[in-house]
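This is coords.csv (CSV, C-alpha atoms).
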```csv
chain,number,residue,atom,x,y,z
A,883,MET,CA,-20.2,-21.5,7.0
A,884,PRO,CA,-22.0,-24.1,9.1
A,885,SER,CA,-25.7,-23.3,9.3
A,886,ASP,CA,-25.5,-23.0,13.1
A,887,ALA,CA,-22.8,-20.3,13.0
A,888,PRO,CA,-23.9,-16.9,14.3
A,889,ALA,CA,-25.2,-14.7,11.5
A,890,TRP,CA,-23.3,-11.7,10.3
A,891,SER,CA,-25.1,-8.3,10.3
A,892,LEU,CA,-24.0,-4.8,9.4
A,893,HIS,CA,-23.4,-2.4,12.3
A,894,SER,CA,-26.4,0.0,12.5
A,895,ARG,CA,-24.1,3.1,12.3
A,896,LEU,CA,-22.7,1.8,9.0
A,897,LYS,CA,-26.1,1.0,7.7
A,898,GLU,CA,-27.2,4.5,8.4
A,899,ASP,CA,-24.2,6.3,6.9
A,900,THR,CA,-23.5,4.3,3.8
A,901,ILE,CA,-24.9,3.0,0.5
A,902,ASP,CA,-24.6,-0.7,-0.2
A,903,ILE,CA,-22.6,-1.3,-3.5
A,904,GLY,CA,-22.6,-5.1,-3.4
A,905,ASP,CA,-20.7,-8.1,-2.1
A,906,LEU,CA,-17.3,-9.5,-3.0
A,907,PRO,CA,-16.6,-13.1,-1.8
A,908,LEU,CA,-15.5,-11.9,1.7
A,909,CYS,CA,-16.6,-8.2,2.0
A,910,ARG,CA,-19.6,-6.0,1.6
A,911,VAL,CA,-18.6,-2.9,-0.3
A,912,LEU,CA,-20.1,0.4,1.0
A,913,VAL,CA,-19.8,4.0,0.0
A,914,ILE,CA,-20.1,6.7,2.7
A,915,LYS,CA,-23.0,9.2,2.1
A,916,ASP,CA,-20.8,12.3,1.8
A,917,ALA,CA,-20.2,14.0,-1.5
A,918,ASN,CA,-16.9,15.5,-0.1
A,919,TYR,CA,-15.2,12.1,-0.1
A,920,PRO,CA,-15.6,9.0,-2.2
A,921,TRP,CA,-14.9,6.8,0.9
A,922,LEU,CA,-15.3,3.2,0.3
A,923,LEU,CA,-15.5,0.7,3.1
A,924,LEU,CA,-14.9,-3.1,2.8
A,925,VAL,CA,-16.6,-4.9,5.7
A,926,PRO,CA,-15.8,-8.6,6.0
A,927,ARG,CA,-19.1,-10.5,6.4
A,928,ARG,CA,-17.8,-12.3,9.5
A,929,HIS,CA,-19.6,-12.4,12.8
A,930,GLU,CA,-17.8,-10.3,15.5
A,931,ALA,CA,-14.8,-9.6,13.3
A,932,VAL,CA,-13.5,-6.2,14.6
A,933,GLU,CA,-9.7,-6.3,13.9
A,934,ILE,CA,-8.0,-7.6,10.8
A,935,ILE,CA,-6.4,-10.3,13.0
A,936,ASP,CA,-9.9,-11.6,13.9
A,937,LEU,CA,-9.8,-13.0,10.4
A,938,ASP,CA,-8.0,-16.3,9.6
A,939,GLU,CA,-5.0,-16.2,7.3
A,940,VAL,CA,-7.0,-17.3,4.2
A,941,GLU,CA,-9.5,-14.5,4.9
A,942,GLN,CA,-6.7,-12.0,5.4
A,943,ALA,CA,-5.2,-12.8,2.0
A,944,GLN,CA,-8.7,-12.6,0.5
A,945,LEU,CA,-9.2,-9.2,2.1
A,946,ILE,CA,-5.9,-7.9,0.6
A,947,ALA,CA,-7.1,-9.2,-2.9
A,948,GLU,CA,-10.4,-7.4,-2.4
A,949,ILE,CA,-8.8,-4.1,-1.2
A,950,SER,CA,-6.5,-4.2,-4.3
A,951,ARG,CA,-9.4,-4.8,-6.6
A,952,VAL,CA,-11.5,-2.0,-5.2
A,953,ALA,CA,-8.6,0.4,-4.9
A,954,ARG,CA,-7.7,-0.1,-8.5
A,955,ALA,CA,-11.3,0.5,-9.6
A,956,LEU,CA,-11.5,3.7,-7.5
A,957,LYS,CA,-8.2,5.0,-8.8
A,958,GLU,CA,-9.4,4.6,-12.4
A,959,ILE,CA,-12.6,6.5,-11.6
A,960,ARG,CA,-11.1,9.2,-9.4
A,961,PRO,CA,-7.3,9.4,-9.6
A,962,ARG,CA,-6.9,12.0,-6.8
A,963,PRO,CA,-6.0,11.4,-3.1
A,964,VAL,CA,-8.9,11.3,-0.8
A,965,TRP,CA,-7.7,14.2,1.3
A,966,GLY,CA,-7.7,17.8,0.0
A,967,ALA,CA,-11.3,17.7,-1.2
A,968,VAL,CA,-12.3,20.0,1.7
A,969,PRO,CA,-9.9,22.8,2.7
A,970,PRO,CA,-7.9,21.4,5.6
A,971,LEU,CA,-8.6,22.8,9.1
A,972,ALA,CA,-5.5,24.3,10.6
A,973,GLN,CA,-4.2,22.1,13.4
A,974,ASP,CA,-3.7,23.5,16.8
A,975,ALA,CA,0.1,23.0,17.4
A,976,GLU,CA,-0.2,21.8,20.9
A,977,GLU,CA,-3.2,19.5,20.2
A,978,VAL,CA,-1.5,17.8,17.2
A,979,GLN,CA,1.6,17.4,19.3
A,980,ASN,CA,-0.4,15.7,22.1
A,981,PHE,CA,-2.1,13.4,19.5
A,982,ILE,CA,1.2,12.4,18.0
A,983,SER,CA,2.9,11.8,21.3
A,984,ALA,CA,-0.1,9.6,22.5
A,985,LEU,CA,0.0,7.7,19.2
A,986,ARG,CA,3.8,7.2,19.4
A,987,ARG,CA,3.5,5.8,22.9
A,988,LYS,CA,0.8,3.4,21.9
A,989,ILE,CA,2.3,2.3,18.6
A,990,TRP,CA,5.9,1.7,19.7
A,991,LEU,CA,5.6,0.9,23.3
A,992,GLY,CA,1.9,-0.1,23.7
B,846,MET,CA,17.9,-5.1,1.3
B,847,PRO,CA,21.0,-5.4,-1.0
B,848,SER,CA,23.0,-2.1,-1.0
B,849,ASP,CA,22.5,-1.8,-4.8
B,850,ALA,CA,18.7,-1.9,-4.5
B,851,PRO,CA,17.0,1.4,-5.6
B,852,ALA,CA,16.4,3.6,-2.7
B,853,TRP,CA,12.9,4.3,-1.4
B,854,SER,CA,11.7,7.8,-1.1
B,855,LEU,CA,8.4,9.4,0.1
B,856,HIS,CA,6.2,10.9,-2.7
B,857,SER,CA,6.5,14.7,-2.7
B,858,ARG,CA,2.7,15.1,-2.3
B,859,LEU,CA,2.8,13.0,0.8
B,860,LYS,CA,5.8,14.8,2.2
B,861,GLU,CA,4.0,18.1,1.8
B,862,ASP,CA,0.6,17.1,3.3
B,863,THR,CA,1.7,15.0,6.3
B,864,ILE,CA,3.7,14.9,9.5
B,865,ASP,CA,6.2,12.0,9.9
B,866,ILE,CA,5.4,10.0,13.1
B,867,GLY,CA,8.1,7.4,12.7
B,868,ASP,CA,8.9,4.0,11.1
B,869,LEU,CA,7.6,0.5,11.8
B,870,PRO,CA,9.7,-2.4,10.4
B,871,LEU,CA,7.9,-2.1,7.0
B,872,CYS,CA,6.0,1.2,7.0
B,873,ARG,CA,6.5,4.9,7.6
B,874,VAL,CA,3.6,6.2,9.7
B,875,LEU,CA,2.3,9.6,8.6
B,876,VAL,CA,-0.6,11.8,9.9
B,877,ILE,CA,-2.4,14.1,7.4
B,878,LYS,CA,-2.1,17.8,8.3
B,879,ASP,CA,-5.9,18.4,8.7
B,880,ALA,CA,-7.5,18.9,12.1
B,881,ASN,CA,-10.8,17.6,10.7
B,882,TYR,CA,-9.6,14.1,10.4
B,883,PRO,CA,-7.0,12.1,12.3
B,884,TRP,CA,-6.0,10.3,9.1
B,885,LEU,CA,-3.0,8.0,9.4
B,886,LEU,CA,-1.2,6.6,6.5
B,887,LEU,CA,1.1,3.6,6.5
B,888,VAL,CA,3.5,3.8,3.5
B,889,PRO,CA,5.6,0.7,2.9
B,890,ARG,CA,9.3,1.8,2.5
B,891,ARG,CA,9.6,-0.2,-0.8
B,892,HIS,CA,10.8,1.3,-4.0
B,893,GLU,CA,8.0,1.7,-6.5
B,894,ALA,CA,5.4,-0.3,-4.5
B,895,VAL,CA,2.1,1.2,-5.5
B,896,GLU,CA,-0.5,-1.6,-5.0
B,897,ILE,CA,-0.6,-4.0,-2.0
B,898,ILE,CA,0.1,-6.8,-4.4
B,899,ASP,CA,3.4,-5.1,-5.3
B,900,LEU,CA,4.6,-6.4,-1.9
B,901,ASP,CA,5.7,-10.0,-1.5
B,902,GLU,CA,3.7,-12.3,0.8
B,903,VAL,CA,5.8,-11.8,3.9
B,904,GLU,CA,5.6,-8.0,3.5
B,905,GLN,CA,1.8,-8.3,3.0
B,906,ALA,CA,1.5,-10.1,6.3
B,907,GLN,CA,3.8,-7.5,8.0
B,908,LEU,CA,1.6,-4.8,6.6
B,909,ILE,CA,-1.5,-6.4,8.1
B,910,ALA,CA,0.3,-6.6,11.5
B,911,GLU,CA,1.3,-2.9,11.3
B,912,ILE,CA,-2.2,-1.8,10.2
B,913,SER,CA,-3.6,-3.7,13.2
B,914,ARG,CA,-1.2,-2.2,15.6
B,915,VAL,CA,-1.8,1.4,14.4
B,916,ALA,CA,-5.6,0.9,14.2
B,917,ARG,CA,-5.7,-0.3,17.7
B,918,ALA,CA,-3.6,2.6,19.0
B,919,LEU,CA,-5.8,5.1,17.1
B,920,LYS,CA,-9.0,3.5,18.5
B,921,GLU,CA,-7.8,3.9,22.0
B,922,ILE,CA,-7.0,7.5,21.5
B,923,ARG,CA,-10.0,8.4,19.3
B,924,PRO,CA,-12.8,5.9,19.5
B,925,ARG,CA,-15.0,7.5,16.9
B,926,PRO,CA,-15.3,6.7,13.2
B,927,VAL,CA,-13.3,8.9,10.9
B,928,TRP,CA,-16.3,10.2,9.0
B,929,GLY,CA,-18.9,12.5,10.5
B,930,ALA,CA,-16.3,15.1,11.9
B,931,VAL,CA,-17.3,17.6,9.2
B,932,PRO,CA,-21.0,17.8,8.2
B,933,PRO,CA,-21.5,15.6,5.1
B,934,LEU,CA,-22.2,17.4,1.8
B,935,ALA,CA,-25.4,16.2,0.3
B,936,GLN,CA,-24.8,13.9,-2.6
B,937,ASP,CA,-26.3,14.8,-6.0
B,938,ALA,CA,-28.5,11.7,-6.7
B,939,GLU,CA,-27.5,11.4,-10.3
B,940,GLU,CA,-23.8,11.9,-9.6
B,941,VAL,CA,-23.7,9.3,-6.9
B,942,GLN,CA,-25.6,6.9,-9.1
B,943,ASN,CA,-23.1,7.4,-11.9
B,944,PHE,CA,-20.2,6.9,-9.4
B,945,ILE,CA,-21.7,3.7,-8.0
B,946,SER,CA,-22.5,2.3,-11.5
B,947,ALA,CA,-18.9,3.0,-12.7
B,948,LEU,CA,-17.5,1.4,-9.6
B,949,ARG,CA,-19.7,-1.7,-9.9
B,950,ARG,CA,-18.6,-2.2,-13.5
B,951,LYS,CA,-14.9,-1.9,-12.5
B,952,ILE,CA,-15.1,-4.0,-9.4
B,953,TRP,CA,-17.2,-6.9,-10.6
B,954,LEU,CA,-16.5,-7.0,-14.3
B,955,GLY,CA,-13.2,-5.1,-14.6
```
Spit out the file's structure as structure tokens when you get a sec.
Amino acid sequence: MPSDAPAWSLHSRLKEDTIDIGDLPLCRVLVIKDANYPWLLLVPRRHEAVEIIDLDEVEQAQLIAEISRVARALKEIRPRPVWGAVPPLAQDAEEVQNFISALRRKIWLG
Amino acid sequence: MPSDAPAWSLHSRLKEDTIDIGDLPLCRVLVIKDANYPWLLLVPRRHEAVEIIDLDEVEQAQLIAEISRVARALKEIRPRPVWGAVPPLAQDAEEVQNFISALRRKIWLG
């Protein structure tokens, strides 16, 4: 990275809600402070990267490699799916239907 | 896909716990049946694909495109982070330290 490139910094919301595990070549690895879920976040240390497509192609490939590595580690330590730890809250039929309809419109026609 | 390729099918655990939203070119889009979290899953319709690296490079690029599309749709509908919907459960300090140590060993030295 050229020394005059804008510095990367972790979003304050993430800083508050997570514990820093360490850095991979591209991403900072974070765990959410919530004993219900072993949520891990991989945050690319790139200034103003918000979407995956804000990364260039080499970085996208690196992201996939890092996701695979972390996912494999997590699966060895905790081989259960992330949902189901807390009893699910019953969905309101109309609300979920609205959510799904809105998503469908955005995903397929958006 | 050649007609003699083994057929893809959705894992029974996923079938039980999710609602089918529809198919993108590579992935089936699912939403977890839990009103606490608007968890969306993208499952590549590829026989025995478990890790991202089980997909070939073209499929990996397609997966990234589909994740971006779905993430953007979800952000427009629900612009909050997925955690924080349910009050977090306080972490046991020793337990979280053990979890983090185990992860670190697996991720960096595994």
Can you give chain A as a PDB file with C-alpha atoms, in the coordinates of the input after you superpose it on chain B, pairing all C-alpha atoms in order for the least-squares fit?
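To be explicit, this is the file written out as selection_9.pdb:
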```pdb
ATOM      1  CA  MET A 883      17.949  -4.966   1.187  1.00  0.00           C
ATOM      2  CA  PRO A 884      21.008  -5.313  -1.033  1.00  0.00           C
ATOM      3  CA  SER A 885      22.982  -2.077  -1.070  1.00  0.00           C
ATOM      4  CA  ASP A 886      22.515  -1.754  -4.844  1.00  0.00           C
ATOM      5  CA  ALA A 887      18.702  -1.851  -4.638  1.00  0.00           C
ATOM      6  CA  PRO A 888      16.970   1.373  -5.668  1.00  0.00           C
ATOM      7  CA  ALA A 889      16.363   3.634  -2.687  1.00  0.00           C
ATOM      8  CA  TRP A 890      12.919   4.246  -1.339  1.00  0.00           C
ATOM      9  CA  SER A 891      11.709   7.886  -1.053  1.00  0.00           C
ATOM     10  CA  LEU A 892       8.448   9.440   0.053  1.00  0.00           C
ATOM     11  CA  HIS A 893       6.215  10.858  -2.691  1.00  0.00           C
ATOM     12  CA  SER A 894       6.550  14.691  -2.638  1.00  0.00           C
ATOM     13  CA  ARG A 895       2.728  15.151  -2.292  1.00  0.00           C
ATOM     14  CA  LEU A 896       2.796  13.018   0.868  1.00  0.00           C
ATOM     15  CA  LYS A 897       5.763  14.833   2.209  1.00  0.00           C
ATOM     16  CA  GLU A 898       3.975  18.085   1.784  1.00  0.00           C
ATOM     17  CA  ASP A 899       0.646  17.056   3.316  1.00  0.00           C
ATOM     18  CA  THR A 900       1.698  14.960   6.249  1.00  0.00           C
ATOM     19  CA  ILE A 901       3.702  14.850   9.491  1.00  0.00           C
ATOM     20  CA  ASP A 902       6.186  12.038   9.926  1.00  0.00           C
ATOM     21  CA  ILE A 903       5.335   9.954  13.117  1.00  0.00           C
ATOM     22  CA  GLY A 904       8.075   7.345  12.756  1.00  0.00           C
ATOM     23  CA  ASP A 905       8.889   3.997  11.198  1.00  0.00           C
ATOM     24  CA  LEU A 906       7.576   0.516  11.900  1.00  0.00           C
ATOM     25  CA  PRO A 907       9.656  -2.386  10.435  1.00  0.00           C
ATOM     26  CA  LEU A 908       7.925  -2.113   6.995  1.00  0.00           C
ATOM     27  CA  CYS A 909       6.006   1.249   6.983  1.00  0.00           C
ATOM     28  CA  ARG A 910       6.503   4.902   7.621  1.00  0.00           C
ATOM     29  CA  VAL A 911       3.630   6.184   9.699  1.00  0.00           C
ATOM     30  CA  LEU A 912       2.246   9.628   8.674  1.00  0.00           C
ATOM     31  CA  VAL A 913      -0.531  11.822   9.910  1.00  0.00           C
ATOM     32  CA  ILE A 914      -2.353  14.083   7.412  1.00  0.00           C
ATOM     33  CA  LYS A 915      -2.135  17.856   8.267  1.00  0.00           C
ATOM     34  CA  ASP A 916      -5.885  18.382   8.715  1.00  0.00           C
ATOM     35  CA  ALA A 917      -7.430  18.893  12.105  1.00  0.00           C
ATOM     36  CA  ASN A 918     -10.835  17.639  10.716  1.00  0.00           C
ATOM     37  CA  TYR A 919      -9.556  14.071  10.432  1.00  0.00           C
ATOM     38  CA  PRO A 920      -6.979  12.081  12.325  1.00  0.00           C
ATOM     39  CA  TRP A 921      -5.966  10.274   9.062  1.00  0.00           C
ATOM     40  CA  LEU A 922      -3.073   8.043   9.424  1.00  0.00           C
ATOM     41  CA  LEU A 923      -1.213   6.658   6.466  1.00  0.00           C
ATOM     42  CA  LEU A 924       1.125   3.588   6.486  1.00  0.00           C
ATOM     43  CA  VAL A 925       3.514   3.775   3.520  1.00  0.00           C
ATOM     44  CA  PRO A 926       5.623   0.670   2.943  1.00  0.00           C
ATOM     45  CA  ARG A 927       9.264   1.772   2.510  1.00  0.00           C
ATOM     46  CA  ARG A 928       9.574  -0.193  -0.743  1.00  0.00           C
ATOM     47  CA  HIS A 929      10.793   1.264  -3.988  1.00  0.00           C
ATOM     48  CA  GLU A 930       7.952   1.596  -6.589  1.00  0.00           C
ATOM     49  CA  ALA A 931       5.438  -0.239  -4.434  1.00  0.00           C
ATOM     50  CA  VAL A 932       2.046   1.252  -5.535  1.00  0.00           C
ATOM     51  CA  GLU A 933      -0.488  -1.608  -4.955  1.00  0.00           C
ATOM     52  CA  ILE A 934      -0.633  -3.943  -2.002  1.00  0.00           C
ATOM     53  CA  ILE A 935       0.145  -6.806  -4.429  1.00  0.00           C
ATOM     54  CA  ASP A 936       3.477  -5.113  -5.313  1.00  0.00           C
ATOM     55  CA  LEU A 937       4.522  -6.389  -1.922  1.00  0.00           C
ATOM     56  CA  ASP A 938       5.684 -10.015  -1.404  1.00  0.00           C
ATOM     57  CA  GLU A 939       3.606 -12.270   0.809  1.00  0.00           C
ATOM     58  CA  VAL A 940       5.874 -11.797   3.883  1.00  0.00           C
ATOM     59  CA  GLU A 941       5.560  -8.016   3.450  1.00  0.00           C
ATOM     60  CA  GLN A 942       1.805  -8.282   3.042  1.00  0.00           C
ATOM     61  CA  ALA A 943       1.446 -10.149   6.334  1.00  0.00           C
ATOM     62  CA  GLN A 944       3.765  -7.587   7.945  1.00  0.00           C
ATOM     63  CA  LEU A 945       1.609  -4.775   6.598  1.00  0.00           C
ATOM     64  CA  ILE A 946      -1.566  -6.366   8.087  1.00  0.00           C
ATOM     65  CA  ALA A 947       0.305  -6.635  11.523  1.00  0.00           C
ATOM     66  CA  GLU A 948       1.272  -2.978  11.245  1.00  0.00           C
ATOM     67  CA  ILE A 949      -2.252  -1.779  10.228  1.00  0.00           C
ATOM     68  CA  SER A 950      -3.678  -3.721  13.246  1.00  0.00           C
ATOM     69  CA  ARG A 951      -1.172  -2.198  15.582  1.00  0.00           C
ATOM     70  CA  VAL A 952      -1.783   1.342  14.440  1.00  0.00           C
ATOM     71  CA  ALA A 953      -5.530   0.921  14.222  1.00  0.00           C
ATOM     72  CA  ARG A 954      -5.684  -0.320  17.751  1.00  0.00           C
ATOM     73  CA  ALA A 955      -3.596   2.617  18.994  1.00  0.00           C
ATOM     74  CA  LEU A 956      -5.830   5.108  17.126  1.00  0.00           C
ATOM     75  CA  LYS A 957      -9.012   3.532  18.415  1.00  0.00           C
ATOM     76  CA  GLU A 958      -7.787   3.876  22.013  1.00  0.00           C
ATOM     77  CA  ILE A 959      -6.970   7.549  21.439  1.00  0.00           C
ATOM     78  CA  ARG A 960     -10.022   8.476  19.387  1.00  0.00           C
ATOM     79  CA  PRO A 961     -12.787   5.856  19.489  1.00  0.00           C
ATOM     80  CA  ARG A 962     -15.023   7.550  16.864  1.00  0.00           C
ATOM     81  CA  PRO A 963     -15.322   6.741  13.107  1.00  0.00           C
ATOM     82  CA  VAL A 964     -13.313   8.924  10.891  1.00  0.00           C
ATOM     83  CA  TRP A 965     -16.298  10.198   8.962  1.00  0.00           C
ATOM     84  CA  GLY A 966     -18.859  12.587  10.506  1.00  0.00           C
ATOM     85  CA  ALA A 967     -16.262  15.035  11.800  1.00  0.00           C
ATOM     86  CA  VAL A 968     -17.317  17.540   9.096  1.00  0.00           C
ATOM     87  CA  PRO A 969     -21.027  17.804   8.221  1.00  0.00           C
ATOM     88  CA  PRO A 970     -21.485  15.595   5.175  1.00  0.00           C
ATOM     89  CA  LEU A 971     -22.115  17.304   1.801  1.00  0.00           C
ATOM     90  CA  ALA A 972     -25.386  16.202   0.318  1.00  0.00           C
ATOM     91  CA  GLN A 973     -24.779  13.941  -2.663  1.00  0.00           C
ATOM     92  CA  ASP A 974     -26.236  14.777  -5.972  1.00  0.00           C
ATOM     93  CA  ALA A 975     -28.519  11.730  -6.716  1.00  0.00           C
ATOM     94  CA  GLU A 976     -27.549  11.361 -10.280  1.00  0.00           C
ATOM     95  CA  GLU A 977     -23.794  11.895  -9.652  1.00  0.00           C
ATOM     96  CA  VAL A 978     -23.653   9.291  -6.827  1.00  0.00           C
ATOM     97  CA  GLN A 979     -25.570   6.922  -9.039  1.00  0.00           C
ATOM     98  CA  ASN A 980     -23.042   7.388 -11.890  1.00  0.00           C
ATOM     99  CA  PHE A 981     -20.130   6.853  -9.406  1.00  0.00           C
ATOM    100  CA  ILE A 982     -21.645   3.679  -8.075  1.00  0.00           C
ATOM    101  CA  SER A 983     -22.484   2.265 -11.457  1.00  0.00           C
ATOM    102  CA  ALA A 984     -18.858   2.998 -12.717  1.00  0.00           C
ATOM    103  CA  LEU A 985     -17.457   1.392  -9.560  1.00  0.00           C
ATOM    104  CA  ARG A 986     -19.729  -1.682  -9.905  1.00  0.00           C
ATOM    105  CA  ARG A 987     -18.615  -2.190 -13.483  1.00  0.00           C
ATOM    106  CA  LYS A 988     -14.986  -1.961 -12.572  1.00  0.00           C
ATOM    107  CA  ILE A 989     -15.131  -4.028  -9.400  1.00  0.00           C
ATOM    108  CA  TRP A 990     -17.219  -6.965 -10.644  1.00  0.00           C
ATOM    109  CA  LEU A 991     -16.541  -7.052 -14.280  1.00  0.00           C
ATOM    110  CA  GLY A 992     -13.273  -5.042 -14.639  1.00  0.00           C
TER     111      GLY A 992
END
```
Of the candidates B:Pro924, B:Gln905, B:Ala880, B:Glu939, which one gets nearest to chain A if we count all atoms listed in the file? B:Ala880
Correct to one decimal, the distance CA of Val952 in chain A-CA of Leu900 in chain B is 17.0 Å
Contacts of His929 in chain A at 10 Å (only C-alpha atoms; same-chain gap of 5+ positions) as a PyMOL selection string: chain A and resi 887-892+936
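The chain B residues that come within 6 Å of chain A are Asp879, Ala880, Asn881, Val915, Ala918, Pro933, Leu934, Ala935, Gln936, Lys951 and Ile952 of chain B, with only C-alpha atoms taken into account.
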For a test of reading the model, state the distance in Å between CA of Ser857 in chain B and CA of Val888 in chain B, rounded to one decimal. 12.9 Å
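Here CA of Leu887 in chain B is placed at a distance of 19.9 Å from CA of Gln944 in chain A.
Counting only C-alpha atoms and comparing B:Gln942, B:Lys920, B:Glu861, B:Leu908, the residue that lies closest to Val932 in chain A is B:Lys920.
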Mind working out the centre and edge lengths of an axis-aligned box for range 884-903 of chain A, all listed atoms inside, 6 Å added to each side, rounded to one decimal in Å and written as JSON?
```
{"center_x": -24.6, "center_y": -8.9, "center_z": 5.4, "size_x": 17.2, "size_y": 42.4, "size_z": 29.8}
```
Your completed range 968-975 of chain A with all heavy atoms, as an mmCIF file, keeping the file's coordinate frame:
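Output saved as out.cif:
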```cif
data_model
loop_
_atom_site.group_PDB
_atom_site.id
_atom_site.type_symbol
_atom_site.label_atom_id
_atom_site.label_comp_id
_atom_site.auth_asym_id
_atom_site.auth_seq_id
_atom_site.Cartn_x
_atom_site.Cartn_y
_atom_site.Cartn_z
ATOM 1 N N VAL A 968 -11.825 18.908 0.817
ATOM 2 C CA VAL A 968 -12.300 20.000 1.700
ATOM 3 C C VAL A 968 -11.076 20.721 2.186
ATOM 4 O O VAL A 968 -10.105 20.068 2.556
ATOM 5 C CB VAL A 968 -13.151 19.421 2.819
ATOM 6 C CG1 VAL A 968 -13.526 20.505 3.799
ATOM 7 C CG2 VAL A 968 -14.395 18.730 2.280
ATOM 8 N N PRO A 969 -11.094 22.079 2.205
ATOM 9 C CA PRO A 969 -9.900 22.800 2.700
ATOM 10 C C PRO A 969 -9.562 22.266 4.094
ATOM 11 O O PRO A 969 -10.437 22.151 4.953
ATOM 12 C CB PRO A 969 -10.373 24.246 2.776
ATOM 13 C CG PRO A 969 -11.537 24.337 1.862
ATOM 14 C CD PRO A 969 -12.185 22.980 1.842
ATOM 15 N N PRO A 970 -8.291 21.932 4.331
ATOM 16 C CA PRO A 970 -7.900 21.400 5.600
ATOM 17 C C PRO A 970 -8.135 22.424 6.736
ATOM 18 O O PRO A 970 -7.980 23.620 6.505
ATOM 19 C CB PRO A 970 -6.462 21.029 5.489
ATOM 20 C CG PRO A 970 -5.970 21.828 4.330
ATOM 21 C CD PRO A 970 -7.149 22.049 3.435
ATOM 22 N N LEU A 971 -8.506 21.964 7.899
ATOM 23 C CA LEU A 971 -8.600 22.800 9.100
ATOM 24 C C LEU A 971 -7.240 22.903 9.702
ATOM 25 O O LEU A 971 -6.592 21.878 9.904
ATOM 26 C CB LEU A 971 -9.638 22.206 10.036
ATOM 27 C CG LEU A 971 -9.961 22.973 11.313
ATOM 28 C CD1 LEU A 971 -10.683 24.280 11.002
ATOM 29 C CD2 LEU A 971 -10.831 22.116 12.230
ATOM 30 N N ALA A 972 -6.794 24.148 9.970
ATOM 31 C CA ALA A 972 -5.500 24.300 10.600
ATOM 32 C C ALA A 972 -5.407 23.558 11.893
ATOM 33 O O ALA A 972 -6.351 23.582 12.685
ATOM 34 C CB ALA A 972 -5.141 25.768 10.769
ATOM 35 N N GLN A 973 -4.309 22.856 12.117
ATOM 36 C CA GLN A 973 -4.200 22.100 13.400
ATOM 37 C C GLN A 973 -3.643 22.993 14.462
ATOM 38 O O GLN A 973 -2.736 23.788 14.236
ATOM 39 C CB GLN A 973 -3.202 20.930 13.136
ATOM 40 C CG GLN A 973 -3.752 19.863 12.220
ATOM 41 C CD GLN A 973 -2.705 18.829 11.831
ATOM 42 O OE1 GLN A 973 -1.559 19.166 11.595
ATOM 43 N NE2 GLN A 973 -3.116 17.575 11.762
ATOM 44 N N ASP A 974 -4.199 22.838 15.641
ATOM 45 C CA ASP A 974 -3.700 23.500 16.800
ATOM 46 C C ASP A 974 -2.335 22.801 17.153
ATOM 47 O O ASP A 974 -2.303 21.582 17.334
ATOM 48 C CB ASP A 974 -4.650 23.409 17.961
ATOM 49 C CG ASP A 974 -4.096 24.004 19.236
ATOM 50 O OD1 ASP A 974 -4.163 25.229 19.381
ATOM 51 O OD2 ASP A 974 -3.572 23.232 20.075
ATOM 52 N N ALA A 975 -1.255 23.590 17.229
ATOM 53 C CA ALA A 975 0.100 23.000 17.400
ATOM 54 C C ALA A 975 0.196 22.096 18.591
ATOM 55 O O ALA A 975 0.768 21.010 18.525
ATOM 56 C CB ALA A 975 1.141 24.097 17.400
#
```
